[in-house]
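Chemist: Mind having a look at this structure? Questions to follow.
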Amino acid sequence: MHIPDNYLSPSTCIVMGAAMVPVWAIAVHKVKKEVTRSKIPMIGIGAAFSFLMMMFNVPLPGGTTGHAVGGTLLAILLGPYAACIAITVALLIQALLFGDGGILSFGANCFNMAFIIPFLGYFIYKFIKDRTKSEKGEYVGIIVGSYVGINMAALVAAIEFGVQPLLFTNSQGQPLYSPYPLSISIPAMMIPHLLVAGVVEVLFTTAIYTFIKKVSPGTIFEGAKQKIHTIYGLIVALICLTPLGLLATGTAWGEWGADEIKDVVHGGKQLGYTPAGMKNGFSFNAIMPDYSVKGLPEIAGYILSAIAGVAIMVIIFKIISSFSKTKPKDISNES
Amino acid sequence: MNHKENQRNLPDWLLKDENYIPQSDKDQFIGKSILSILRILSKIKSQSEYKTDKFHVNAALKVAFTFLLVILLSLSTSYTFIFVVDVYLLVVLSFMDGKEIIKILSVSLAMAFFTFIILFPYILLGNTYTSMIITLKVLSTLIAVNILSHSTRWNTITGALRRFYVPNIFILVLDITIKYISMLGDFSLNMLYSLKLRSVGKNNSKYGSIAGIAGTMFMKSKEMAEEMYAAMECRGFTGEYTVRSKWKLTIADFIYMLLTIGMIAAFILWGRI
Amino acid sequence: MIDLKDVSYSYEGINALNNINLHIEKGEAVALMGANGTGKSTLLKLMNGLLSPDQGVYRFDQEEITPKKLKNTKFSKAFHQKIGFVFQNSDTQLFCADVYDEIAFGPRQMGMNEDDVEKRVNDCLDLLGIQNFKHRQPYHLSGGEKRKVAIACVLALNPEVLVLDEPMNGLDPRTQRWLVNFLNTLNRSGKTLIISTHNLDLVQELSKRAILFDENHSIAADLPSENLFQEIDLLKKINLVDENYQHY
């Protein structure tokens with residue numbers, strides 16, 4: 001679910017980042033009020049916990065493994081506001097220091113994973129739990145909350161991807177960022193999330209919650225009952241605002257349908273005959289950048305190519321020499 | 001407890017060798033989790049060692065330039081500009097250590113390849129431009145970000161954020177997070193090791209085990225946070241945190257700034273063709 | 001039982017073990033000693049198959065242990081059953097919700113029926129004198145109690161070799177004494193023990209043989225532990241004790 005840079009347009013990133021600003025502001029304010037400044041270490045360590053949780057591989061049926069985000073779990077354990085900040089910090093460290101998830105798309109990633117998952121997941125959990133008052137209800141809340149949380153985040157990510165070709169193309173009308181329309185991006189994101197990632201999230205969340213509740217119930221966050229309404233209002237407001245914000249950059253809702261239909265028909269028609277890619281051949285000279293084109297003087301092009309060539313040689317040489325130094329270790333470390 | 005209990009006879013089963021033939025079990029999740037945590041820990045560990053920054057460029061400048069590069073790459077629509085950036089990145093790479101080059105390239109190429117696979121169907125539909133330019137941009141951006149994180153000590157990166165008016169308290173949180181990722185990471189790594197060593201047969205509640213590890217990690221983290229706060233208070237922490245940083249520009253910094261201006265010029269010239 | 005030939009290991013370019021040659025017979029009790037950071041823990045991890053040597057050969061029961069063989073889950077599970085590891089930090093070893101489940105974890109995996117599992121768990125609880133907190137949560141036990149649970153849960157696998165990393169650390173003197181006696185009982189019954197320790201006072205009672213590590217991460221001496229205090233200069237040289245150290 002970590003969106004790298006260049007899948008989304010910079011303006012989408014700005015919109016998503018802007019949407020996060022009030023969330024962060026409110027979250028910081030709430031956390032300060034709820035736990036005083038004394039809990040600064042808790043946020044840092046909560047972020048470390050959140051970061052590491054994303055490193056865990058969870059067993060899946062058939063012996064394969066998957067990852068969980070653990071956003072709803074963190075919200076249940078720390079409260080949604082602290083969870084939001086903790087996940088934000090974890091995502092920032094991943095983007096900045098581990099190159100996992102983009103820097104520009106940081107806002108979008110935070111929106112999906114540090115906002116939607118913890119708040120929506122926690123809201124659903126709390127809503128069901130407060131209305132059933134039995135342990136069963138609590139677990140139903142966790143299951144529904146974590147499942148809906150991660151799937152809603154995936155849906156929002158899919159929408160973020162899907163609107164790109166509608167909004168951002170170059171002068172020839174070719175998409176500049178994620179090229180797939182909503183009709184492809186939504187099923188592509190949702191099918192694996194509904195079937196696999198959501199289930200992993202549910203199993204992971206319930207199992208850990210059960211363990212902590214059994215061993216150390218006092219460490220779990222106790223949200224006051226009436227708070228639910230403010231969270232509810234905030235979530236509804238922001239979820240409504242997001243698509244509007246996305247669209248503020250250009251097109252309107254109405255155009256989506258037409259565009260998509262055109263796209264599908266277009267694609268379908270092409271596929272009905274020989275696929276165009278085949279017909280045009282995989283002309284790799286079309287893929288390769290044309291060195292001497294478009295404004296770059298020929299000499300400059302040559303110089304740049306020469307510099308690149310030398311640099312590549314040096315890199316290859318260094319890689320080879322460091323391989324021969326570390327070879328025995330690489331083999332032994334396979335386990 | 002009576003100490004003489006020790007002397008009592010050991011149970012029979014403990015005196016015999018176990019003639020045990022294990023069943024096979026699909027528990028790769030343990031090994032995979034161990035590997036991903038090891039990767040994180042080794043990256044943090046290699047960070048804490050002395051970094052030979054060959055260029056001696058101010059970290060704040062590096063962070064700013066990398067961000068700028070990421071933005072320009074994202075805005076660019078031409079191969080030419082990306083080509084110019086790539087040449088620059090290759091030159092920087094060629095000054096780095098062989099092992100680091102491998103790390104940077106392998107991470108970046110893996111992600112770029114993944115992007116290419118995702119965009120491959122779009123090539124089949126006849127649009128090579130979009131797929132290729134996105135793949136190249138993803139590759140270039142990742143190399144740029146990874147060069148930053150591999151060539152700069154992390155505490156100088158987080159410290160540099162202060163130059164961009166990120167509040168000190170937030171930088172403190174970042175520093176705590178990095179430290180505790182390594183401490184909690186070490187802790188959970190040992191738990192995973194212990195789970196691995198005791199997994200001598202078929203585990204019928206794998207989720208129970210992974211939940212035990214993650215849950216214990218959570219309780220441990222709460223405990224650590226409380227201890228850390230107590231320790232901070234004992235040392236007179238009042239919520240204020242100052243990040244020390246020297247701000248002295250060297251010749252290397254000026255050359256670096258010229259490069260930045262060059263990149264912007266290249267973008268203006270060729271970036272949006 | 002355990003045989004290391006010219007074993008070296010380094011981590012992130014830093015040497016942790018340097019050309020280690022060590023042979024341990026079945027039924028021996030061996031103490032590994034050395035200053036902090038000399039590679040004892042690394043060696044113990046290596047013996048348990050958590051790390052593989054960069055160079056050299058590690059044989060367990062005449063069988064060479066290689067990463068490739070350990071990838072075979074049947075082989076690695078059989079190997080892990082034969083050698084048990086008690087970690088330095090008991091917290092990291094306990095991940096079940098109560099003490100009973102913790103100890104039953106291994107036997108259950110071995111496919112025993114619940115009656116046998118119960119007998120084995122109860123035997124372990126008796127053996128370590130922890131019957132009264134059978135249903136407590138390991139996480140909330142005291143340091144000494146956690147150590148006992150950790151030992152019990154490794155013992156429940158009935159390993160042939162028991163590896164203990166600094167088992168005396170953080171225990172009160174009474175519990176330390178108890179543990180020494182308990183380990184002696186295990187050793188007399190035929191278990192091979194490999195123990196890393198800093199405790200100079202107890203080492204002679206723990207084992208007949210002491211292996212000393214120097215700060216170059218290699219073995220400085222392999223001697224009967226009763227001779228340890230005739231070699232004060234050696235202990236000083238490997239920085240295990242300070243210059244003014246005297247043994248009474």
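In the structure tokens, each chain is lettered A, B, ... as it comes, each chain's residues begin at 1, and ligands are numbered from 1 in order of appearance.
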When you look at Gln81 of chain C with a cut-off of 12 Å (counting only C-alpha atoms), what residues show up, excluding the ones that are within fewer than 3 positions of it in the same chain? I need them as a VMD selection string.

Modeler: (chain B and resid 17 to 22 196 to 201) or (chain C and resid 48 to 49 74 to 78 84 to 85 106 to 107 109 to 110 153 to 162)

Chemist: Would you pick out the contacts of Ser205 of chain B at 12 Å or less, using only C-alpha atoms, so that residues sharing its chain but fewer than 5 positions from it are not included, and give the list as a list in words?

Modeler: Val58, Pro59, Leu203 and Ala207 of chain A; Asp25, Lys26, Asp27, Ser199, Ile210, Ala211 and Gly212 of chain B; Cys96, Asp101, Phe105, Arg108 and Gln109 of chain C

Chemist: Can you tell me how far atom CA of Phe65 of chain B sits from atom CA of Leu259 of chain B, in Å to one decimal?

Modeler: 9.2 Å

Chemist: Would you return as a VMD selection string the members of segment 17-235 of chain B that DSSP assigns to helix (DSSP H, G or I) on this structure's backbone?

Modeler: chain B and resid 28 to 48 59 to 75 79 to 94 98 to 124 128 to 151 154 to 164 168 to 198 206 to 234

Chemist: Please return, as a CSV table (one decimal) with C-alpha atoms, in the first residue's frame, all residues of chain B lying within 8 Å of chain C when only C-alpha atoms are considered.

Modeler:
```csv
chain,number,residue,atom,x,y,z
B,1,MET,CA,10.7,-23.6,47.1
B,3,HIS,CA,16.4,-26.3,47.4
B,5,GLU,CA,14.0,-30.3,45.1
B,6,ASN,CA,16.9,-30.1,42.7
B,7,GLN,CA,18.3,-33.3,43.9
B,10,LEU,CA,14.7,-36.3,37.0
B,11,PRO,CA,11.7,-37.6,35.1
B,13,TRP,CA,11.7,-38.8,29.6
B,14,LEU,CA,14.5,-36.3,30.4
B,15,LEU,CA,17.0,-39.1,30.8
B,17,ASP,CA,17.3,-39.3,24.1
B,18,GLU,CA,14.3,-38.2,22.2
B,20,TYR,CA,12.0,-37.6,17.3
B,21,ILE,CA,11.2,-37.3,13.6
B,22,PRO,CA,9.6,-34.0,12.8
B,23,GLN,CA,6.7,-33.4,10.6
B,24,SER,CA,7.1,-30.7,8.0
B,25,ASP,CA,5.3,-27.5,8.5
B,42,SER,CA,21.7,-3.9,9.5
B,46,SER,CA,25.6,0.6,9.1
B,187,PHE,CA,14.0,-7.5,20.9
B,188,SER,CA,11.5,-8.9,18.4
B,190,ASN,CA,15.4,-12.5,19.4
B,191,MET,CA,11.8,-13.4,20.0
B,193,TYR,CA,14.8,-16.6,16.8
B,194,SER,CA,13.4,-18.2,19.9
B,195,LEU,CA,10.2,-19.1,18.1
B,197,LEU,CA,14.3,-22.6,17.7
B,198,ARG,CA,11.3,-23.9,19.5
B,199,SER,CA,9.4,-24.6,16.3
B,200,VAL,CA,10.4,-28.2,16.1
B,201,GLY,CA,7.3,-29.6,14.6
B,202,LYS,CA,3.9,-28.5,13.5
B,203,ASN,CA,2.5,-25.2,14.9
B,204,ASN,CA,-1.2,-25.3,15.0
B,208,GLY,CA,-1.1,-17.2,18.3
B,209,SER,CA,2.7,-17.2,18.0
B,212,GLY,CA,2.4,-13.3,21.2
B,213,ILE,CA,5.5,-11.7,19.7
B,216,THR,CA,4.8,-8.7,23.9
```

Chemist: Counting only C-alpha atoms, what is within 7 Å of His217 of chain C, bar same-chain residues fewer than 5 positions away, as a list in words?

Modeler: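 So, after excluding close chain neighbours, the residues are Ala16, Leu17, Asn18, Thr38 and Gly39 of chain C.
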
Chemist: With all heavy atoms retained, export the selected residues as a PDB file, in the first residue's frame.

Modeler:
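To be explicit, this is the file written out as again06.pdb:
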```pdb
ATOM      1  N   ALA C  16      33.418 -10.910  14.413  1.00  0.00           N
ATOM      2  CA  ALA C  16      32.785 -11.302  15.669  1.00  0.00           C
ATOM      3  C   ALA C  16      33.387 -12.606  16.182  1.00  0.00           C
ATOM      4  O   ALA C  16      33.445 -12.832  17.383  1.00  0.00           O
ATOM      5  CB  ALA C  16      31.280 -11.435  15.486  1.00  0.00           C
ATOM      6  N   LEU C  17      33.839 -13.442  15.259  1.00  0.00           N
ATOM      7  CA  LEU C  17      34.508 -14.683  15.631  1.00  0.00           C
ATOM      8  C   LEU C  17      35.696 -14.861  14.708  1.00  0.00           C
ATOM      9  O   LEU C  17      35.593 -14.659  13.504  1.00  0.00           O
ATOM     10  CB  LEU C  17      33.576 -15.888  15.467  1.00  0.00           C
ATOM     11  CG  LEU C  17      32.406 -16.017  16.446  1.00  0.00           C
ATOM     12  CD1 LEU C  17      31.537 -17.189  16.027  1.00  0.00           C
ATOM     13  CD2 LEU C  17      32.901 -16.188  17.862  1.00  0.00           C
ATOM     14  N   ASN C  18      36.807 -15.249  15.296  1.00  0.00           N
ATOM     15  CA  ASN C  18      38.024 -15.300  14.518  1.00  0.00           C
ATOM     16  C   ASN C  18      38.673 -16.673  14.674  1.00  0.00           C
ATOM     17  O   ASN C  18      39.215 -16.995  15.720  1.00  0.00           O
ATOM     18  CB  ASN C  18      38.955 -14.199  15.026  1.00  0.00           C
ATOM     19  CG  ASN C  18      39.960 -13.803  13.983  1.00  0.00           C
ATOM     20  OD1 ASN C  18      40.078 -14.472  12.953  1.00  0.00           O
ATOM     21  ND2 ASN C  18      40.695 -12.748  14.255  1.00  0.00           N
ATOM     22  N   THR C  38      33.247 -10.127  23.083  1.00  0.00           N
ATOM     23  CA  THR C  38      34.325 -10.940  22.519  1.00  0.00           C
ATOM     24  C   THR C  38      33.789 -12.044  21.616  1.00  0.00           C
ATOM     25  O   THR C  38      34.563 -12.784  21.030  1.00  0.00           O
ATOM     26  CB  THR C  38      35.190 -11.577  23.621  1.00  0.00           C
ATOM     27  OG1 THR C  38      34.331 -12.127  24.609  1.00  0.00           O
ATOM     28  CG2 THR C  38      36.110 -10.562  24.257  1.00  0.00           C
ATOM     29  N   GLY C  39      32.480 -12.165  21.519  1.00  0.00           N
ATOM     30  CA  GLY C  39      31.928 -13.117  20.553  1.00  0.00           C
ATOM     31  C   GLY C  39      31.257 -14.333  21.153  1.00  0.00           C
ATOM     32  O   GLY C  39      30.881 -15.246  20.420  1.00  0.00           O
TER      33      GLY C  39
END
```

Chemist: Do you know which residues are at most 10 Å from Phe29 of chain B counting only C-alpha atoms, after dropping those on the same chain fewer than 3 positions away, and could you put them as a compact mmCIF listing (two decimals) with all heavy atoms, in the first residue's frame?

Modeler:
```
# COMPACT_ATOMS: atom_id res chain seq x y z
N PHE A 56 6.52 -7.49 9.99
CA PHE A 56 6.16 -8.87 10.29
C PHE A 56 5.50 -9.53 9.08
O PHE A 56 4.65 -8.95 8.44
CB PHE A 56 5.20 -8.93 11.48
CG PHE A 56 5.89 -8.93 12.79
CD1 PHE A 56 6.27 -7.73 13.39
CD2 PHE A 56 6.19 -10.11 13.44
CE1 PHE A 56 6.92 -7.73 14.60
CE2 PHE A 56 6.83 -10.11 14.65
CZ PHE A 56 7.21 -8.92 15.24
N ASN A 57 5.93 -10.74 8.82
CA ASN A 57 5.26 -11.53 7.80
C ASN A 57 4.24 -12.41 8.50
O ASN A 57 4.54 -13.06 9.49
CB ASN A 57 6.26 -12.42 7.06
CG ASN A 57 7.07 -11.61 6.08
OD1 ASN A 57 6.80 -11.62 4.90
ND2 ASN A 57 8.05 -10.88 6.58
N VAL A 58 3.03 -12.41 7.97
CA VAL A 58 1.95 -13.15 8.60
C VAL A 58 1.63 -14.35 7.73
O VAL A 58 1.58 -14.24 6.51
CB VAL A 58 0.73 -12.23 8.72
CG1 VAL A 58 -0.37 -12.90 9.50
CG2 VAL A 58 1.11 -10.92 9.39
N PRO A 59 1.47 -15.53 8.35
CA PRO A 59 1.19 -16.71 7.53
C PRO A 59 -0.17 -16.63 6.85
O PRO A 59 -1.13 -16.14 7.42
CB PRO A 59 1.22 -17.85 8.55
CG PRO A 59 1.03 -17.22 9.88
CD PRO A 59 1.58 -15.85 9.77
N LEU A 60 -0.22 -17.08 5.62
CA LEU A 60 -1.46 -17.13 4.86
C LEU A 60 -1.76 -18.59 4.56
O LEU A 60 -0.86 -19.42 4.54
CB LEU A 60 -1.30 -16.38 3.54
CG LEU A 60 -1.25 -14.87 3.59
CD1 LEU A 60 -0.96 -14.32 2.21
CD2 LEU A 60 -2.56 -14.33 4.10
N GLY A 63 0.64 -21.64 3.03
CA GLY A 63 2.05 -21.54 3.36
C GLY A 63 2.73 -20.27 2.89
O GLY A 63 3.88 -20.04 3.20
N THR A 64 2.02 -19.42 2.13
CA THR A 64 2.65 -18.16 1.75
C THR A 64 2.48 -17.15 2.90
O THR A 64 1.88 -17.45 3.92
CB THR A 64 2.01 -17.59 0.47
OG1 THR A 64 0.61 -17.57 0.66
CG2 THR A 64 2.38 -18.40 -0.73
N THR A 65 3.04 -15.98 2.69
CA THR A 65 2.96 -14.98 3.76
C THR A 65 2.51 -13.65 3.21
O THR A 65 2.58 -13.40 2.01
CB THR A 65 4.34 -14.77 4.43
OG1 THR A 65 5.24 -14.30 3.44
CG2 THR A 65 4.85 -16.03 5.05
N GLY A 66 2.05 -12.78 4.09
CA GLY A 66 1.65 -11.44 3.68
C GLY A 66 1.98 -10.45 4.78
O GLY A 66 2.42 -10.83 5.85
N HIS A 67 1.76 -9.17 4.46
CA HIS A 67 2.04 -8.12 5.44
C HIS A 67 0.74 -7.52 5.95
O HIS A 67 -0.23 -7.44 5.22
CB HIS A 67 2.84 -7.00 4.80
CG HIS A 67 4.29 -7.32 4.68
ND1 HIS A 67 5.16 -7.18 5.72
CD2 HIS A 67 4.99 -7.80 3.64
CE1 HIS A 67 6.36 -7.55 5.32
NE2 HIS A 67 6.28 -7.94 4.06
N LYS B 26 4.56 -25.60 7.19
CA LYS B 26 4.84 -24.41 6.39
C LYS B 26 4.93 -23.21 7.30
O LYS B 26 3.93 -22.58 7.62
CB LYS B 26 3.73 -24.23 5.36
CG LYS B 26 3.84 -25.25 4.25
CD LYS B 26 2.75 -25.08 3.22
CE LYS B 26 3.00 -26.02 2.05
NZ LYS B 26 1.81 -26.20 1.23
N LYS B 32 10.93 -15.32 7.09
CA LYS B 32 10.78 -14.08 6.34
C LYS B 32 10.74 -12.87 7.25
O LYS B 32 11.31 -11.83 6.94
CB LYS B 32 9.51 -14.13 5.49
CG LYS B 32 9.66 -14.98 4.24
CD LYS B 32 8.46 -14.78 3.34
CE LYS B 32 8.50 -15.70 2.15
NZ LYS B 32 7.20 -15.70 1.44
N SER B 33 10.05 -13.02 8.39
CA SER B 33 10.02 -11.89 9.33
C SER B 33 11.42 -11.62 9.86
O SER B 33 11.83 -10.47 9.98
CB SER B 33 9.09 -12.19 10.51
OG SER B 33 7.78 -12.41 10.06
N ILE B 34 12.15 -12.70 10.15
CA ILE B 34 13.53 -12.53 10.64
C ILE B 34 14.34 -11.75 9.61
O ILE B 34 15.02 -10.78 9.93
CB ILE B 34 14.18 -13.90 10.92
CG1 ILE B 34 13.56 -14.52 12.17
CG2 ILE B 34 15.70 -13.77 11.08
CD1 ILE B 34 14.07 -15.90 12.49
N LEU B 35 14.20 -12.15 8.34
CA LEU B 35 14.97 -11.48 7.29
C LEU B 35 14.61 -10.01 7.17
O LEU B 35 15.49 -9.16 7.06
CB LEU B 35 14.72 -12.16 5.94
CG LEU B 35 15.71 -13.24 5.57
CD1 LEU B 35 15.45 -13.71 4.15
CD2 LEU B 35 17.14 -12.70 5.68
N LEU B 192 11.72 -13.82 17.59
CA LEU B 192 11.51 -14.65 16.41
C LEU B 192 12.51 -15.80 16.36
O LEU B 192 12.17 -16.91 15.98
CB LEU B 192 11.62 -13.79 15.14
CG LEU B 192 10.45 -12.84 14.89
CD1 LEU B 192 10.84 -11.77 13.89
CD2 LEU B 192 9.24 -13.61 14.38
N LYS B 206 -0.33 -20.62 14.45
CA LYS B 206 0.71 -19.69 14.01
C LYS B 206 0.36 -18.26 14.36
O LYS B 206 1.20 -17.47 14.73
CB LYS B 206 0.91 -19.82 12.51
CG LYS B 206 1.38 -21.20 12.09
CD LYS B 206 1.75 -21.22 10.63
CE LYS B 206 2.35 -22.55 10.22
NZ LYS B 206 1.40 -23.66 10.32
N ILE B 210 2.59 -15.44 16.40
CA ILE B 210 2.98 -14.13 15.89
C ILE B 210 2.33 -13.04 16.75
O ILE B 210 2.93 -11.99 17.01
CB ILE B 210 2.64 -13.99 14.37
CG1 ILE B 210 3.50 -12.92 13.72
CG2 ILE B 210 1.19 -13.67 14.12
CD1 ILE B 210 4.77 -13.46 13.14
```
